[in-house]
file structure-v3.tsv (TSV, C-alpha atoms)
chain	number	residue	atom	x	y	z
A	24	MET	CA	-6.72	87.17	36.44
A	25	GLY	CA	-4.12	88.59	34.01
A	26	LYS	CA	-4.88	91.57	31.81
A	27	ASP	CA	-5.00	89.52	28.61
A	28	GLN	CA	-7.27	86.94	30.19
A	29	PHE	CA	-9.46	89.73	31.52
A	30	GLN	CA	-9.75	91.30	28.07
A	31	GLU	CA	-10.41	87.90	26.57
A	32	GLU	CA	-13.24	87.34	29.03
A	33	PHE	CA	-14.75	90.73	28.16
A	34	LEU	CA	-14.50	90.05	24.42
A	35	LYS	CA	-16.19	86.69	24.88
A	36	LEU	CA	-19.07	88.20	26.87
A	37	MET	CA	-19.57	91.04	24.42
A	38	ASN	CA	-19.72	88.62	21.53
A	39	GLU	CA	-22.17	86.38	23.34
A	40	HIS	CA	-24.48	89.29	24.15
A	41	ALA	CA	-23.83	91.67	21.24
A	42	GLY	CA	-27.54	91.66	20.42
A	43	ILE	CA	-28.38	93.56	23.63
A	44	ILE	CA	-26.24	96.56	22.64
A	45	HIS	CA	-27.43	96.52	19.03
A	46	LYS	CA	-31.08	96.47	20.02
A	47	VAL	CA	-30.76	99.22	22.63
A	48	CYS	CA	-28.92	101.40	20.12
A	49	ARG	CA	-31.49	100.74	17.45
A	50	LEU	CA	-34.31	101.75	19.83
A	51	TYR	CA	-32.73	104.82	21.37
A	52	ALA	CA	-30.89	106.43	18.46
A	53	ASN	CA	-32.46	107.40	15.18
A	54	SER	CA	-29.62	107.99	12.76
A	55	GLU	CA	-26.69	105.76	11.92
A	56	THR	CA	-24.19	108.25	13.40
A	57	ASP	CA	-26.14	108.47	16.66
A	58	ARG	CA	-26.30	104.69	16.82
A	59	GLU	CA	-22.54	104.42	16.39
A	60	ASP	CA	-21.95	107.06	19.08
A	61	LEU	CA	-24.32	105.36	21.49
A	62	HIS	CA	-22.82	101.95	20.70
A	63	GLN	CA	-19.36	103.25	21.54
A	64	GLU	CA	-20.58	104.96	24.71
A	65	ILE	CA	-22.21	101.75	25.94
A	66	LEU	CA	-19.05	99.75	25.25
A	67	ILE	CA	-16.97	102.31	27.18
A	68	GLN	CA	-19.30	102.11	30.18
A	69	LEU	CA	-19.38	98.30	30.03
A	70	TRP	CA	-15.60	98.10	29.92
A	71	LYS	CA	-15.27	100.61	32.79
A	72	SER	CA	-17.75	98.65	34.91
A	73	PHE	CA	-16.47	95.21	33.99
A	74	PRO	CA	-13.81	94.98	36.76
A	75	LYS	CA	-16.58	95.44	39.34
A	76	PHE	CA	-18.83	92.78	37.86
A	77	ARG	CA	-19.12	90.04	40.46
A	78	ALA	CA	-21.54	87.70	38.71
A	79	GLU	CA	-24.04	88.24	41.54
A	80	SER	CA	-26.59	89.07	38.89
A	81	LYS	CA	-26.99	87.61	35.41
A	82	ILE	CA	-24.65	89.05	32.80
A	83	SER	CA	-27.65	90.06	30.69
A	84	THR	CA	-29.20	91.95	33.64
A	85	TRP	CA	-25.90	93.78	34.19
A	86	MET	CA	-25.60	94.58	30.48
A	87	TYR	CA	-29.17	95.80	30.21
A	88	ARG	CA	-28.74	98.09	33.20
A	89	ILE	CA	-25.62	99.69	31.78
A	90	SER	CA	-26.94	99.90	28.22
A	91	LEU	CA	-30.29	101.38	29.24
A	92	ASN	CA	-28.75	103.79	31.76
A	93	THR	CA	-26.33	104.99	29.10
A	94	ALA	CA	-29.01	105.31	26.44
A	95	ILE	CA	-31.52	107.09	28.67
A	96	SER	CA	-29.05	109.49	30.23
A	97	ASN	CA	-27.26	110.24	26.99
A	98	LEU	CA	-28.76	113.67	26.46
A	99	ARG	CA	-26.49	114.75	23.64
A	100	ILE	CA	-27.61	111.93	21.40
A	101	GLN	CA	-31.26	112.41	22.19
A	102	GLN	CA	-31.14	116.15	21.69
A	103	ARG	CA	-29.62	115.69	18.29
A	104	SER	CA	-32.34	113.27	17.21
A	105	PRO	CA	-35.77	114.86	17.07
A	106	ARG	CA	-38.17	112.73	19.09
A	107	ILE	CA	-41.64	112.13	17.78
A	108	VAL	CA	-44.12	112.55	20.57
A	109	GLU	CA	-47.54	112.28	18.99
A	110	THR	CA	-48.51	108.89	17.68
A	111	GLU	CA	-50.69	110.46	15.00
A	112	TRP	CA	-47.72	112.19	13.40
A	113	VAL	CA	-45.73	109.05	12.86
A	114	PRO	CA	-45.69	107.52	9.40
A	115	SER	CA	-47.74	104.35	9.75
A	116	PRO	CA	-45.58	101.28	9.98
A	117	VAL	CA	-46.76	98.47	7.74
A	118	PHE	CA	-46.48	95.00	9.21
A	119	ASP	CA	-46.90	91.96	7.10
A	120	PRO	CA	-46.54	88.70	9.02
A	121	ASN	CA	-46.33	86.73	5.80
A	122	GLU	CA	-43.83	89.01	4.21
A	123	SER	CA	-40.39	87.63	3.75
A	124	ASN	CA	-38.81	91.09	3.80
A	125	LYS	CA	-37.25	91.01	7.23
A	126	GLU	CA	-35.62	94.40	6.99
A	127	ALA	CA	-38.87	96.19	6.13
A	128	ASN	CA	-40.69	94.48	8.97
A	129	LEU	CA	-37.89	95.33	11.33
A	130	LYS	CA	-37.98	98.98	10.31
A	131	SER	CA	-41.74	99.06	10.79
A	132	MET	CA	-41.37	97.59	14.24
A	133	TYR	CA	-38.77	100.16	15.24
A	134	ASP	CA	-40.96	102.93	13.81
A	135	ALA	CA	-43.82	101.77	16.00
A	136	ILE	CA	-41.64	101.57	19.10
A	137	SER	CA	-40.10	104.97	18.39
A	138	THR	CA	-43.46	106.55	19.29
A	139	LEU	CA	-43.02	105.40	22.90
A	140	SER	CA	-41.33	107.33	25.71
A	141	GLU	CA	-37.78	106.45	26.85
A	142	ILE	CA	-39.12	104.49	29.82
A	143	GLU	CA	-41.73	102.67	27.73
A	144	LYS	CA	-39.02	101.69	25.26
A	145	ALA	CA	-37.02	100.18	28.12
A	146	VAL	CA	-40.05	98.21	29.29
A	147	VAL	CA	-40.89	97.01	25.79
A	148	ILE	CA	-37.34	95.89	25.00
A	149	LEU	CA	-37.33	93.72	28.13
A	150	TYR	CA	-40.80	92.39	27.33
A	151	LEU	CA	-39.77	91.43	23.81
A	152	GLU	CA	-36.67	89.76	25.25
A	153	GLU	CA	-39.12	87.67	27.30
A	154	LYS	CA	-37.75	88.84	30.62
A	155	SER	CA	-39.89	88.02	33.63
A	156	TYR	CA	-41.44	90.89	35.61
A	157	GLU	CA	-39.02	90.03	38.39
A	158	GLU	CA	-36.05	90.56	36.07
A	159	MET	CA	-37.60	93.70	34.66
A	160	GLU	CA	-37.92	95.02	38.20
A	161	GLU	CA	-34.30	94.15	38.87
A	162	ILE	CA	-33.15	96.08	35.81
A	163	LEU	CA	-35.48	99.06	35.88
A	164	GLY	CA	-36.26	99.41	39.58
A	165	MET	CA	-40.00	99.78	38.91
A	166	SER	CA	-42.47	97.81	40.96
A	167	GLN	CA	-43.98	94.74	39.28
A	168	GLY	CA	-47.48	96.19	39.65
A	169	ASN	CA	-46.43	99.34	37.87
A	170	LEU	CA	-44.67	97.31	35.18
A	171	ARG	CA	-47.81	95.31	34.48
A	172	VAL	CA	-49.94	98.44	34.21
A	173	LYS	CA	-47.37	100.07	31.95
A	174	MET	CA	-47.05	96.97	29.79
A	175	ASN	CA	-50.82	96.85	29.24
A	176	ARG	CA	-50.79	100.48	28.16
A	177	ILE	CA	-47.88	99.91	25.82
A	178	LYS	CA	-49.59	96.87	24.28
A	179	GLU	CA	-52.67	99.00	23.72
A	180	LYS	CA	-50.64	101.79	22.15
A	181	LEU	CA	-48.77	99.42	19.83
A	182	ARG	CA	-51.96	97.57	18.95
A	183	LYS	CA	-53.59	100.85	17.87
A	184	ILE	CA	-50.58	101.70	15.72
A	185	MET	CA	-50.60	98.28	14.13
A	186	VAL	CA	-54.34	98.23	13.51
A	187	HIS	CA	-54.06	101.70	12.03
A	188	SER	CA	-51.19	100.61	9.82
A	189	GLN	CA	-52.98	97.46	8.65
A	190	SER	CA	-56.17	99.34	7.80
A	191	GLY	CA	-54.03	101.92	6.02
A	192	SER	CA	-52.22	99.30	3.98
A	193	SER	CA	-55.43	97.43	3.08
A	194	MET	CA	-56.88	100.67	1.65
A	195	LYS	CA	-53.95	101.04	-0.72
B	30	MET	CA	-52.14	88.70	18.46
B	31	GLU	CA	-50.44	91.77	16.95
B	32	LEU	CA	-47.76	91.71	19.61
B	33	GLU	CA	-46.92	88.18	18.59
B	34	ILE	CA	-45.89	89.61	15.23
B	35	LEU	CA	-43.63	92.07	17.01
B	36	LYS	CA	-42.05	89.27	19.01
B	37	GLN	CA	-41.50	87.29	15.86
B	38	ILE	CA	-39.83	90.25	14.16
B	39	TRP	CA	-37.80	90.90	17.30
B	40	ASP	CA	-36.50	87.35	17.35
B	41	GLU	CA	-35.51	87.66	13.73
B	42	ALA	CA	-33.70	90.89	14.62
B	43	ASP	CA	-31.75	88.93	17.19
B	44	GLU	CA	-30.52	86.61	14.47
B	45	SER	CA	-29.53	89.54	12.29
B	46	SER	CA	-27.66	91.39	15.05
B	47	THR	CA	-25.11	88.75	15.84
B	48	THR	CA	-22.21	90.67	14.33
B	49	LYS	CA	-19.13	89.61	16.25
B	50	TYR	CA	-16.55	92.04	17.51
B	51	ASP	CA	-13.00	91.48	16.54
B	52	ARG	CA	-10.41	92.11	19.21
B	53	GLU	CA	-8.97	95.32	17.67
B	54	LYS	CA	-12.33	96.92	17.00
B	55	LEU	CA	-13.56	96.24	20.52
B	56	TRP	CA	-10.46	97.70	22.21
B	57	PHE	CA	-10.50	100.68	19.94
B	58	LEU	CA	-14.11	101.45	20.85
B	59	ALA	CA	-13.87	100.66	24.56
B	60	SER	CA	-10.70	102.66	25.12
B	61	GLN	CA	-12.04	105.96	23.71
B	62	LYS	CA	-12.90	108.93	25.92
B	63	SER	CA	-16.48	108.91	27.07
B	64	ASN	CA	-18.71	111.52	25.45
B	65	ASP	CA	-21.29	111.22	28.18
B	66	LEU	CA	-22.56	114.63	29.35
B	67	ILE	CA	-21.25	114.18	32.90
B	68	ASN	CA	-17.80	113.08	31.75
B	69	LYS	CA	-17.65	116.13	29.51
B	70	MET	CA	-18.62	118.34	32.45
B	71	LYS	CA	-15.83	116.75	34.48
B	72	ARG	CA	-13.27	117.45	31.76
B	73	ASN	CA	-14.49	121.05	31.41
B	74	LEU	CA	-14.19	121.44	35.15
B	75	PHE	CA	-10.47	120.73	35.02
B	76	VAL	CA	-9.99	123.27	32.25
B	77	GLU	CA	-11.91	125.89	34.27
B	78	LEU	CA	-9.90	125.11	37.40
B	79	THR	CA	-6.60	125.50	35.57
B	80	LEU	CA	-7.69	128.82	34.07
B	81	VAL	CA	-8.88	130.13	37.45
B	82	ILE	CA	-5.65	129.15	39.21
B	83	ILE	CA	-3.45	130.71	36.51
B	84	SER	CA	-5.40	133.97	36.24
B	85	PHE	CA	-6.04	134.51	39.96
B	86	CYS	CA	-2.47	133.69	40.93
B	87	SER	CA	-1.16	136.09	38.27
B	88	VAL	CA	-3.28	138.92	39.66
B	89	ALA	CA	-2.24	138.04	43.21
B	90	VAL	CA	1.46	138.13	42.28
B	91	TYR	CA	0.96	141.46	40.48
B	92	TYR	CA	-0.59	143.13	43.56
B	93	PHE	CA	2.12	141.72	45.81
B	94	ILE	CA	4.78	143.38	43.63
B	95	ALA	CA	3.06	146.54	42.30
B	96	PHE	CA	2.60	149.74	44.33
B	97	HIS	CA	5.43	148.60	46.63
B	98	GLY	CA	3.09	146.09	48.20
B	99	ALA	CA	0.66	148.80	49.33
B	100	LEU	CA	-2.27	146.85	47.98
B	101	SER	CA	-1.17	143.41	49.12
B	102	GLU	CA	-4.65	142.92	50.67
B	103	VAL	CA	-5.97	142.59	47.12
B	104	SER	CA	-3.53	139.73	46.58
B	105	TRP	CA	-4.82	138.01	49.68
B	106	VAL	CA	-8.37	138.40	48.47
B	107	TYR	CA	-7.47	136.79	45.16
B	108	MET	CA	-5.64	133.98	46.96
B	109	THR	CA	-8.69	133.45	49.18
B	110	LEU	CA	-10.95	133.49	46.13
B	111	CYS	CA	-8.68	130.96	44.46
B	112	ALA	CA	-8.89	128.70	47.52
B	113	PHE	CA	-12.67	129.13	47.49
B	114	PHE	CA	-12.79	128.14	43.82
B	115	ILE	CA	-10.68	125.05	44.48
B	116	VAL	CA	-13.17	123.98	47.17
B	117	TYR	CA	-16.02	124.81	44.77
B	118	PHE	CA	-14.48	122.63	42.05
B	119	ILE	CA	-13.88	119.75	44.46
B	120	VAL	CA	-17.51	119.87	45.64
B	121	LYS	CA	-18.75	120.08	42.04
B	122	TYR	CA	-16.48	117.22	40.94
B	123	ARG	CA	-17.71	115.00	43.78
B	124	LEU	CA	-21.32	115.74	42.91
B	125	LEU	CA	-20.65	114.87	39.27
B	126	GLN	CA	-18.90	111.70	40.36
B	127	LYS	CA	-21.92	110.66	42.43
B	128	MET	CA	-24.25	111.21	39.48
B	129	GLN	CA	-22.84	108.23	37.61
B	130	CYS	CA	-23.97	104.80	38.58
B	131	PHE	CA	-24.40	102.89	35.34
B	132	THR	CA	-24.66	99.54	37.08
B	133	CYS	CA	-27.54	100.73	39.26
B	134	GLN	CA	-31.18	100.10	38.48
B	135	VAL	CA	-32.43	102.59	35.91
B	136	LYS	CA	-34.80	104.28	38.36
B	137	SER	CA	-32.22	104.70	41.10
B	138	HIS	CA	-29.70	106.00	38.55
B	139	LEU	CA	-32.18	108.67	37.48
B	140	GLU	CA	-33.00	109.50	41.12
B	141	THR	CA	-29.29	109.85	41.94
B	142	GLN	CA	-28.80	112.10	38.94
B	143	LEU	CA	-31.74	114.29	39.90
B	144	VAL	CA	-30.78	114.63	43.57
B	145	HIS	CA	-27.17	115.52	42.83
B	146	LEU	CA	-27.98	117.80	39.94
B	147	GLN	CA	-30.37	119.74	42.17
B	148	LYS	CA	-27.66	119.96	44.85
B	149	LEU	CA	-25.20	121.20	42.24
B	150	VAL	CA	-27.64	123.87	41.01
B	151	ARG	CA	-28.36	125.03	44.59
B	152	PHE	CA	-24.65	125.16	45.38
B	153	TYR	CA	-23.93	127.11	42.20
B	154	LEU	CA	-26.75	129.55	42.90
B	155	ILE	CA	-25.83	130.20	46.55
B	156	SER	CA	-22.07	130.45	46.08
B	157	GLY	CA	-22.37	132.54	42.90
B	158	THR	CA	-24.69	135.01	44.58
B	159	ALA	CA	-22.92	135.13	47.96
B	160	MET	CA	-19.67	136.08	46.29
B	161	ILE	CA	-21.08	139.44	45.15
B	162	PRO	CA	-21.80	141.09	48.56
B	163	ILE	CA	-18.64	139.56	50.05
B	164	LEU	CA	-16.47	141.12	47.33
B	165	LEU	CA	-18.29	144.45	47.46
B	166	ILE	CA	-17.92	144.66	51.23
B	167	PHE	CA	-14.24	143.80	50.97
B	168	PHE	CA	-13.48	146.44	48.34
B	169	PHE	CA	-15.51	149.02	50.21
B	170	TRP	CA	-13.50	148.23	53.32
B	171	LEU	CA	-10.23	148.35	51.36
B	172	LEU	CA	-10.96	151.73	49.80
B	173	ARG	CA	-11.88	153.12	53.18
B	174	GLU	CA	-8.90	151.55	54.93
B	175	LYS	CA	-6.43	152.85	52.33
B	176	GLN	CA	-8.25	156.16	52.21
B	177	LEU	CA	-8.24	155.99	48.42
B	178	TYR	CA	-11.63	157.47	47.65
B	179	ILE	CA	-13.52	157.32	50.88
B	180	ASN	CA	-12.17	159.29	53.77
B	181	MET	CA	-15.20	159.72	55.90
B	182	MET	CA	-18.25	157.57	55.86
B	183	SER	CA	-21.47	159.39	56.44
B	184	ARG	CA	-24.63	157.50	57.30
B	185	GLU	CA	-25.89	158.47	53.90
B	186	GLN	CA	-22.90	156.82	52.19
B	187	ILE	CA	-23.40	153.64	54.19
B	188	ALA	CA	-27.07	153.61	53.30
B	189	TYR	CA	-26.24	154.04	49.61
B	190	PHE	CA	-23.70	151.25	49.82
B	191	ILE	CA	-26.18	148.88	51.51
B	192	ILE	CA	-28.89	149.68	48.94
B	193	TYR	CA	-26.42	149.26	46.07
B	194	THR	CA	-25.12	145.93	47.43
B	195	THR	CA	-28.64	144.61	48.02
B	196	VAL	CA	-29.82	145.57	44.53
B	197	ILE	CA	-26.75	144.05	42.85
B	198	THR	CA	-27.06	140.85	44.94
B	199	ILE	CA	-30.74	140.43	44.11
B	200	PHE	CA	-30.03	141.12	40.44
B	201	MET	CA	-27.21	138.56	40.42
B	202	TRP	CA	-29.46	136.02	42.12
B	203	PHE	CA	-31.93	136.27	39.25
B	204	ILE	CA	-29.18	136.25	36.63
B	205	ASN	CA	-27.65	133.12	38.20
B	206	LYS	CA	-31.06	131.51	38.48
B	207	TRP	CA	-31.77	132.18	34.81
B	208	TRP	CA	-28.33	130.85	33.85
B	209	VAL	CA	-28.52	127.57	35.81
B	210	ASN	CA	-32.02	127.08	34.54
B	211	LYS	CA	-30.75	127.54	30.99
B	212	LEU	CA	-27.91	125.09	31.65
B	213	TYR	CA	-29.69	122.38	33.61
B	214	GLY	CA	-33.41	123.27	33.72
B	215	ARG	CA	-34.49	121.09	30.81
B	216	HIS	CA	-32.46	118.14	32.02
B	217	ILE	CA	-33.92	118.41	35.55
B	218	GLN	CA	-37.41	118.61	34.09
B	219	ARG	CA	-36.77	115.58	31.93
B	220	LEU	CA	-35.42	113.54	34.86
B	221	ARG	CA	-38.46	114.50	36.97
B	222	SER	CA	-40.93	113.48	34.30
B	223	MET	CA	-39.18	110.14	33.69
B	224	LEU	CA	-39.17	109.41	37.43
B	225	LYS	CA	-42.82	110.38	37.66
B	226	GLU	CA	-43.56	107.97	34.83
B	227	MET	CA	-41.65	105.20	36.60
B	228	SER	CA	-43.44	105.79	39.90
B	229	GLU	CA	-47.01	105.89	38.64
B	230	GLU	CA	-48.95	103.08	40.28
B	231	ASN	CA	-52.20	101.89	38.71
B	232	MET	CA	-53.10	105.33	37.38

call {"tool": "encode", "arguments": {"input": "structure-v3.tsv", "output": "C-alpha cells"}}
result
Amino acid sequence: MGKDQFQEEFLKLMNEHAGIIHKVCRLYANSETDREDLHQEILIQLWKSFPKFRAESKISTWMYRISLNTAISNLRIQQRSPRIVETEWVPSPVFDPNESNKEANLKSMYDAISTLSEIEKAVVILYLEEKSYEEMEEILGMSQGNLRVKMNRIKEKLRKIMVHSQSGSSMK
Amino acid sequence: MELEILKQIWDEADESSTTKYDREKLWFLASQKSNDLINKMKRNLFVELTLVIISFCSVAVYYFIAFHGALSEVSWVYMTLCAFFIVYFIVKYRLLQKMQCFTCQVKSHLETQLVHLQKLVRFYLISGTAMIPILLIFFFWLLREKQLYINMMSREQIAYFIIYTTVITIFMWFINKWWVNKLYGRHIQRLRSMLKEMSEENM
C-alpha cells in the first residue's frame, strides 16, 4: 500500500469513528484545553499504531484500546484537572428526559459520569456504546464476572446521582 | 429506567460528535510530538545522556593533560563512569520502551507500566547508591597510591573510612529513596489502585 493510500485509509477510519475519540476526551478531560491535548495525543498514538493494525480485531475495539490507554495513562492531563472524588460534592446534574435542550442534558450526563473512577468511566463508556461483555473484556482485560459486578455498582451510583438530582430539581 | 435516559443522551451525543477531520488538520495533529509522560521521559533521557557524555569526557581529557598525566587514573574513572552511565541510559530507555503498549488491553497495559516502573525505580535506587562507596573507595585508593594526603594507613584510619563510607551510603540510600518516591511514588500508587480495582472479583 502506498503512503498516500495508507494516509487515505487512516483518514477514512478516523472520520468513520470520530465519535469514539470525542467521547473518550469528553469523559477523561475536564477543560477544553485538556480535551484538545488529549484528542491530539490519541490521534498521535492511533497514527503510530496504525501500521501494525492487522484487522484481527474490530477497528472500534482497536480504537477504544488506544484511546482508553492514552486517556488513563495520561498523567499530565489528569493532574492538571482536579478530579472530584466524593459524589456528594458534585453539583447535582439535572436530567430532563422531555427537555429538548440536548447540550444541557449532555453536560448533566458528563457531570454524573465525572464522579466515577477512571476504570469505571471506561466500563461505562463501553456499556453506553452497547458493547457486549465479551467485547468489554477484550478491550479492558477484566473478567466478565468482574465487569458485571462493576457495572451493577456503577448503575447504582449513577441512579443515586440521578434520583438525587431529580428530587433536587423538583424542590426548586 | 434512569440509565435509559443516559443511553438516550449518549446516542444524541454520538450524532453531535460527528465532526469530520479534514486531511490537513488530521496530519497536523497526528504528526506532532507526543506529550505522553513516557515519551517526555525518553526525550529528557537523551538530553541527560548528551550532557553526561560532554561533561565527563571534558573532565577525563583535562586529567589526561593536566599534571603531566600524573592523575590519569582519574580520567579512567571518569571514562568508566561515562560507560556506566551509557549502560544505565540504555537500560532505562529499554524499560521506558517496554512501558508503552497502547494497543494492549487496558489492564495489561497498566500491569506492564507498573512492572517496568518498579524495575526502573529499583535500578535507579541500587545503581545510584552503589556508586557512592565505589567512588569513595576509588578516591581513597588513589590518594593513598599517589601519596597525596595519606602516607600510612593506620587501623584507625581504615575504621574511620569504613564508618564514613557506610554512613554516607546509608544516607544516600534514603535520599535516593525519597527522590524516586517523589518522582514516581504517586504514579506507582495510582497504577496499583487501578489494577486492584480491575481485579476485584465479586467483592

call {"tool": "interface_residues", "arguments": {"input": "structure-v3.tsv", "of": "chain A", "to": "chain B", "cutoff": "7 Å", "atoms": "only C-alpha atoms", "output": "compact mmCIF listing (two decimals) with C-alpha atoms, in the frame of the given file"}}
result
# COMPACT_ATOMS: atom_id res chain seq x y z
CA LEU A 34 -14.50 90.05 24.42
CA ASN A 38 -19.72 88.62 21.53
CA ALA A 41 -23.83 91.67 21.24
CA GLY A 42 -27.54 91.66 20.42
CA HIS A 45 -27.43 96.52 19.03
CA GLN A 63 -19.36 103.25 21.54
CA GLU A 64 -20.58 104.96 24.71
CA LEU A 66 -19.05 99.75 25.25
CA ILE A 67 -16.97 102.31 27.18
CA TRP A 70 -15.60 98.10 29.92
CA TRP A 85 -25.90 93.78 34.19
CA ARG A 88 -28.74 98.09 33.20
CA ILE A 89 -25.62 99.69 31.78
CA ASN A 92 -28.75 103.79 31.76
CA THR A 93 -26.33 104.99 29.10
CA ASN A 97 -27.26 110.24 26.99
CA LEU A 98 -28.76 113.67 26.46
CA ARG A 99 -26.49 114.75 23.64
CA PRO A 120 -46.54 88.70 9.02
CA ASN A 128 -40.69 94.48 8.97
CA LEU A 129 -37.89 95.33 11.33
CA MET A 132 -41.37 97.59 14.24
CA ILE A 142 -39.12 104.49 29.82
CA LEU A 151 -39.77 91.43 23.81
CA GLU A 161 -34.30 94.15 38.87
CA ILE A 162 -33.15 96.08 35.81
CA LEU A 163 -35.48 99.06 35.88
CA GLY A 164 -36.26 99.41 39.58
CA MET A 165 -40.00 99.78 38.91
CA ASN A 169 -46.43 99.34 37.87
CA VAL A 172 -49.94 98.44 34.21
CA ARG A 182 -51.96 97.57 18.95

call {"tool": "atom_distance", "arguments": {"input": "structure-v3.tsv", "atom1": "atom CA of Lys225 of chain B", "atom2": "atom CA of Leu212 of chain B"}}
result
21.8 Å

call {"tool": "residues_around", "arguments": {"input": "structure-v3.tsv", "residues": "Asn205 of chain B", "least_positions_apart": "4", "cutoff": "9 Å", "atoms": "only C-alpha atoms", "output": "short mmCIF file (atom, residue, chain, number, x, y, z; two decimals) with C-alpha atoms, in the coordinates of the input"}}
result
data_model
loop_
_atom_site.label_atom_id
_atom_site.label_comp_id
_atom_site.auth_asym_id
_atom_site.auth_seq_id
_atom_site.Cartn_x
_atom_site.Cartn_y
_atom_site.Cartn_z
CA TYR B 153 -23.93 127.11 42.20
CA LEU B 154 -26.75 129.55 42.90
CA GLY B 157 -22.37 132.54 42.90
CA THR B 158 -24.69 135.01 44.58
CA PHE B 200 -30.03 141.12 40.44
CA MET B 201 -27.21 138.56 40.42
CA VAL B 209 -28.52 127.57 35.81
CA ASN B 210 -32.02 127.08 34.54
#

call {"tool": "closest_residue", "arguments": {"input": "structure-v3.tsv", "among": "A:Lys144, A:Lys35, A:Lys81, A:Arg171", "to": "Tyr156 of chain A", "atoms": "only C-alpha atoms"}}
result
A:Arg171

call {"tool": "atom_distance", "arguments": {"input": "structure-v3.tsv", "atom1": "atom CA of Met160 of chain B", "atom2": "atom CA of Asn68 of chain B"}}
result
27.3 Å

call {"tool": "residues_around", "arguments": {"input": "structure-v3.tsv", "residues": "segment 187-199 of chain B", "least_positions_apart": "5", "cutoff": "8 Å", "atoms": "only C-alpha atoms", "output": "list in words"}}
result
Thr158, Ala159, Ile161, Pro162, Leu165 and Met182 of chain B

call {"tool": "atom_distance", "arguments": {"input": "structure-v3.tsv", "atom1": "atom CA of Cys111 of chain B", "atom2": "atom CA of Asn73 of chain B"}}
result
17.4 Å

call {"tool": "closest_residue", "arguments": {"input": "structure-v3.tsv", "among": "B:Leu146, B:Ile204, B:Gln126, B:Val106", "to": "Ile166 of chain B", "atoms": "only C-alpha atoms"}}
result
B:Val106
